[in-house]
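Working notes for the structure below.
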Amino acid sequence: MSTKPTTPKKSQELASPKGMRDIIGDDYYKFQGFFEKAQEIAVYYGFSPIATPILEHEDTFMTSIGAGTDIIDKEMYSLKTKGGDQLAMRPEGTAGVMRAYIEHGMQSLPQPLLFYYYGPMFRHDKPQRGRYRQLHQFGLEAIGSEKSIIDALLIKTTIAILEESGAKDLVVQINSMGDKEDRVSYTRELTNYYKKHISELSALDQERLKVNPLRILDSKDPGTIAVNQGAPDIVSHLGAAAKKHFKEVLEALDEMGISYEINKNLVRGLSYYTRTVFEIQEPEQEGIEPLTIAAGGRYDLLARQLGAKKDAPAMGVGIGVDRVIETSWFKDLSPRIMKKPKVYFIQVGLDAKLKSLNVIEILRKAHIPVMQALSKDSLSAQLAVAEKAGVPYTIIFGQKEAMEHSVIVRNMDTRSQDNVPIAELHTYLKSLK
RNA sequence: GUGCCCAUAGUUUAGUGGUAAAACUUCGGGUUGUGGUUCCGACAUCGAGGGUUCAAUUCCCUCUGGGCACCCCA
């Protein structure tokens, strides 16, 4: 077997791809802690886990999210497999969950079905604060009911997750995009309105008028904002059914004491939304434009678009976990797996080192997490590491102890030491608490 | 995708047209059985590639990565 000479790597090749990063140490625990807390809350509210593939057929996203949206037109990682399949890395979670729902015939189960999921999503964006090409979302989906209480349930669960993560005084921005017919008639009226004021719109907004007039509503252009003041209001164009639905959602939010603002300019970028849409912003910070940390809405038409034989009205939300973790209010949620070791194991001398792993194995079986520096030889060096780690007790295992089958347990605070036979070590450590 | 700003050891920062200084961290040692001290030593082809120059980490260009605004979005 011949080994190829190792070519020196250029540092460029050693960098993670743009907008994608390694998650290490404290950051890892933050993610893990958030995911555990979010799952726990979702389960209390009746959601069940689902994990769908990171890759889906590209068409699944094209037909659900919709051509004409930036996510599809500019930001999707698409690839052709060696077998010739046209796949794409998921830019969001809803399409995959709905695909799974239809594929597994879940329409014949008691409705609605409540799912939660979490994991990486991929969008070929230009990275910025809180904006990554590989981003992490925690999502909720409720499929199979058009009842307004479902909308309220998802919003409530989202708020509960964020509050348990440290958020306070959250305000939900909410709007209704109406049913399909409402949207068609409203869009027509809105377009007519803008055409009358076309000279006052920015070049960008004039372009948007051709592609997606709804987007002009949340324009940042000062001239356009002025025009928007007099623009027709979508809420007053809702049909009777959608209006009733929206009113019920708001009543439910009132009942739960959730504060909200009706934002008639809130239009979501994904084209599958109908009726309820909502967003939750991060808290205001000086000189920083607040980011959206959670957003979602109702998508009653999606199932049919994807090929289901009957309607499956549904509601979903995605929480931007990267953004939540970076907020000032995020409190560290330590994951359960992280047990803080209370014992540091020190060995001195060759015999002791050889027997060390046996002692550590005894501790492991007793569920006592242990830190160690087996690679070090000198006692003082190991004590120094234990000191820095802030571990309350050290176990010292040397030549003499190895022969006597005992260890020294040292209290790092008081520096007092006890000689303990290995056979009794387990019970001794338990008694220390 | 467009525009502006940035890039020196693991980290935070000096500095210069003649191949780099410091602090902290890490590693080794002074101390082959007892710790936050102290002392000594080690660790950077100055993000990558190209150009100008006798000479570039320093000037110019491109690329890569990061930040910010726009676009858009979680």
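Chain lettering (A, B, ...) mirrors the order of the structure tokens, residue numbering begins at 1 for each chain separately, and ligand numbering begins at 1 in order of display.
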
Please tabulate, as a tab-separated table, the residues of chain A that come within 9 Å of chain B, each with its closest pair of atoms and the distance in Å to one decimal, counting only C-alpha atoms (C1' of nucleotides) and ordering rows by chain, then residue number upward.
```
residue	atom	partner	partner_atom	distance
A:Lys10	CA	B:A48	C1'	7.3
A:Ser11	CA	B:A48	C1'	7.2
A:Gln12	CA	B:A48	C1'	6.2
A:Ala15	CA	B:G65	C1'	7.8
A:Ser16	CA	B:G65	C1'	8.9
A:Pro17	CA	B:G65	C1'	8.7
A:Lys18	CA	B:G65	C1'	6.9
A:Asp70	CA	B:C72	C1'	6.7
A:Ile71	CA	B:C72	C1'	8.3
A:Lys74	CA	B:G1	C1'	8.5
A:Asp125	CA	B:C72	C1'	8.3
A:Lys126	CA	B:G1	C1'	8.5
A:Gln128	CA	B:G67	C1'	7.4
A:Arg129	CA	B:G67	C1'	8.0
A:Gly130	CA	B:A74	C1'	8.4
A:Arg131	CA	B:A74	C1'	8.0
A:Leu135	CA	B:A74	C1'	7.8
A:His136	CA	B:A74	C1'	8.0
A:Gln137	CA	B:A74	C1'	6.9
A:Gly269	CA	B:C73	C1'	7.9
A:Leu291	CA	B:A74	C1'	8.6
A:Thr292	CA	B:A74	C1'	6.5
A:Ile293	CA	B:A74	C1'	5.7
A:Ala294	CA	B:A74	C1'	6.1
A:Ala295	CA	B:A74	C1'	7.2
A:Gly318	CA	B:A74	C1'	6.7
A:Ile319	CA	B:A74	C1'	5.9
A:Gly320	CA	B:A74	C1'	3.9
A:Val321	CA	B:A74	C1'	7.5
A:Asp322	CA	B:A74	C1'	8.1
A:Arg323	CA	B:A74	C1'	7.3
A:Val348	CA	B:G33	C1'	7.5
A:Gly349	CA	B:U32	C1'	8.1
A:Asp377	CA	B:U32	C1'	8.7
A:Ser378	CA	B:U32	C1'	7.6
A:Leu379	CA	B:U34	C1'	6.6
A:Ser380	CA	B:G35	C1'	6.4
A:Ala381	CA	B:G35	C1'	8.1
A:Gln382	CA	B:G35	C1'	8.2
A:Leu383	CA	B:G35	C1'	4.8
A:Ala384	CA	B:G35	C1'	4.9
A:Val385	CA	B:G35	C1'	8.2
A:Ala386	CA	B:G35	C1'	7.7
A:Glu387	CA	B:G35	C1'	6.0
A:Lys388	CA	B:G36	C1'	7.5
A:Gly398	CA	B:G33	C1'	7.6
A:Gln399	CA	B:G33	C1'	9.0
A:Met412	CA	B:G35	C1'	8.3
```

Picked from stretch 320-431 of chain A by DSSP as alpha helix (DSSP H), as a VMD selection string:
chain A and resid 321 to 326 350 to 365 379 to 389 399 to 404 422 to 431

Write the selection just made, keeping C-alpha atoms, as a tab-separated table (two decimals), in the first residue's frame?
```tsv
chain	number	residue	atom	x	y	z
A	321	VAL	CA	-32.39	29.29	16.89
A	322	ASP	CA	-29.12	30.99	15.90
A	323	ARG	CA	-30.80	34.32	16.48
A	324	VAL	CA	-32.40	33.35	19.77
A	325	ILE	CA	-29.08	32.23	21.16
A	326	GLU	CA	-27.45	35.52	20.19
A	350	LEU	CA	3.81	4.11	36.09
A	351	ASP	CA	1.98	1.36	38.00
A	352	ALA	CA	-0.76	3.75	39.00
A	353	LYS	CA	-1.11	5.10	35.48
A	354	LEU	CA	-1.60	1.61	34.13
A	355	LYS	CA	-4.32	0.86	36.63
A	356	SER	CA	-5.93	4.26	36.24
A	357	LEU	CA	-8.42	3.30	33.58
A	358	ASN	CA	-9.73	0.53	35.80
A	359	VAL	CA	-10.47	3.02	38.55
A	360	ILE	CA	-12.14	5.41	36.13
A	361	GLU	CA	-14.26	2.53	34.86
A	362	ILE	CA	-15.44	1.84	38.41
A	363	LEU	CA	-16.47	5.47	38.72
A	364	ARG	CA	-18.21	5.46	35.35
A	365	LYS	CA	-20.27	2.45	36.35
A	379	LEU	CA	1.45	15.56	40.62
A	380	SER	CA	1.70	19.33	40.76
A	381	ALA	CA	0.87	19.72	37.10
A	382	GLN	CA	-2.26	17.63	37.54
A	383	LEU	CA	-3.31	19.46	40.65
A	384	ALA	CA	-2.90	22.71	38.78
A	385	VAL	CA	-5.28	21.53	36.06
A	386	ALA	CA	-7.79	20.37	38.67
A	387	GLU	CA	-7.52	23.73	40.35
A	388	LYS	CA	-8.21	25.60	37.13
A	389	ALA	CA	-11.17	23.40	36.34
A	399	GLN	CA	2.48	3.99	43.69
A	400	LYS	CA	1.62	3.27	47.30
A	401	GLU	CA	-2.15	3.42	46.70
A	402	ALA	CA	-1.92	1.19	43.65
A	403	MET	CA	-0.34	-1.50	45.81
A	404	GLU	CA	-2.84	-1.06	48.62
A	422	ILE	CA	-11.17	1.37	46.11
A	423	ALA	CA	-13.90	-1.07	47.07
A	424	GLU	CA	-15.49	1.60	49.23
A	425	LEU	CA	-14.85	4.52	46.87
A	426	HIS	CA	-18.32	4.51	45.37
A	427	THR	CA	-20.17	4.82	48.67
A	428	TYR	CA	-17.61	7.28	49.99
A	429	LEU	CA	-18.11	9.63	47.05
A	430	LYS	CA	-21.89	9.36	47.32
A	431	SER	CA	-21.66	10.47	50.92
```

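Going from atom CA of A:Gln32 over to atom CA of A:Val391, you cover 23.2 Å.
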
If you count only C-alpha atoms (C1' of nucleotides), which residues fall within 10 Å of stretch 211-214 of chain A, apart from same-chain ones fewer than 2 positions away, as a short mmCIF file (atom, residue, chain, number, x, y, z; two decimals) with C-alpha atoms, in the first residue's frame?
```
data_model
loop_
_atom_site.label_atom_id
_atom_site.label_comp_id
_atom_site.auth_asym_id
_atom_site.auth_seq_id
_atom_site.Cartn_x
_atom_site.Cartn_y
_atom_site.Cartn_z
CA GLY A 68 -40.92 34.08 -7.68
CA THR A 69 -39.82 34.02 -4.07
CA MET A 177 -53.69 37.49 4.31
CA ARG A 183 -55.97 37.84 -1.83
CA TYR A 186 -57.07 42.65 -2.70
CA THR A 187 -53.95 42.34 -4.83
CA ARG A 188 -55.89 43.72 -7.79
CA LEU A 190 -53.65 47.29 -4.33
CA THR A 191 -52.06 47.20 -7.77
CA TYR A 194 -50.01 51.78 -6.69
CA ASP A 205 -40.87 49.18 -5.67
CA GLN A 206 -41.95 49.89 -9.22
CA GLU A 207 -40.26 46.65 -10.15
CA ARG A 208 -41.99 44.83 -7.29
CA LEU A 209 -45.33 46.06 -8.57
CA ILE A 216 -44.36 46.87 -1.52
CA LEU A 217 -46.26 47.04 1.76
CA ASP A 218 -43.15 46.42 3.85
CA SER A 219 -40.85 48.59 1.75
CA ILE A 234 -56.08 43.89 3.62
CA ASN A 265 -48.06 45.61 6.26
CA LEU A 266 -46.90 42.20 7.39
CA VAL A 267 -46.68 39.95 4.35
CA ARG A 268 -44.55 36.86 4.47
CA GLY A 269 -42.07 35.91 1.80
CA SER A 271 -46.21 32.33 -1.15
#
```

Residues of stretch 230-327 of chain A in strand (DSSP E), written as a count of residues only:
25

Please report the interatomic distance between atom CA of A:Gln347 and atom CA of A:Lys376 in Å with one decimal.
8.6 Å

As an exercise, work out the distance from atom CA of A:Ile24 to atom CA of A:Glu289 in Å and give it to one decimal place.
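Separation of atom CA of A:Ile24 and atom CA of A:Glu289: 27.4 Å.
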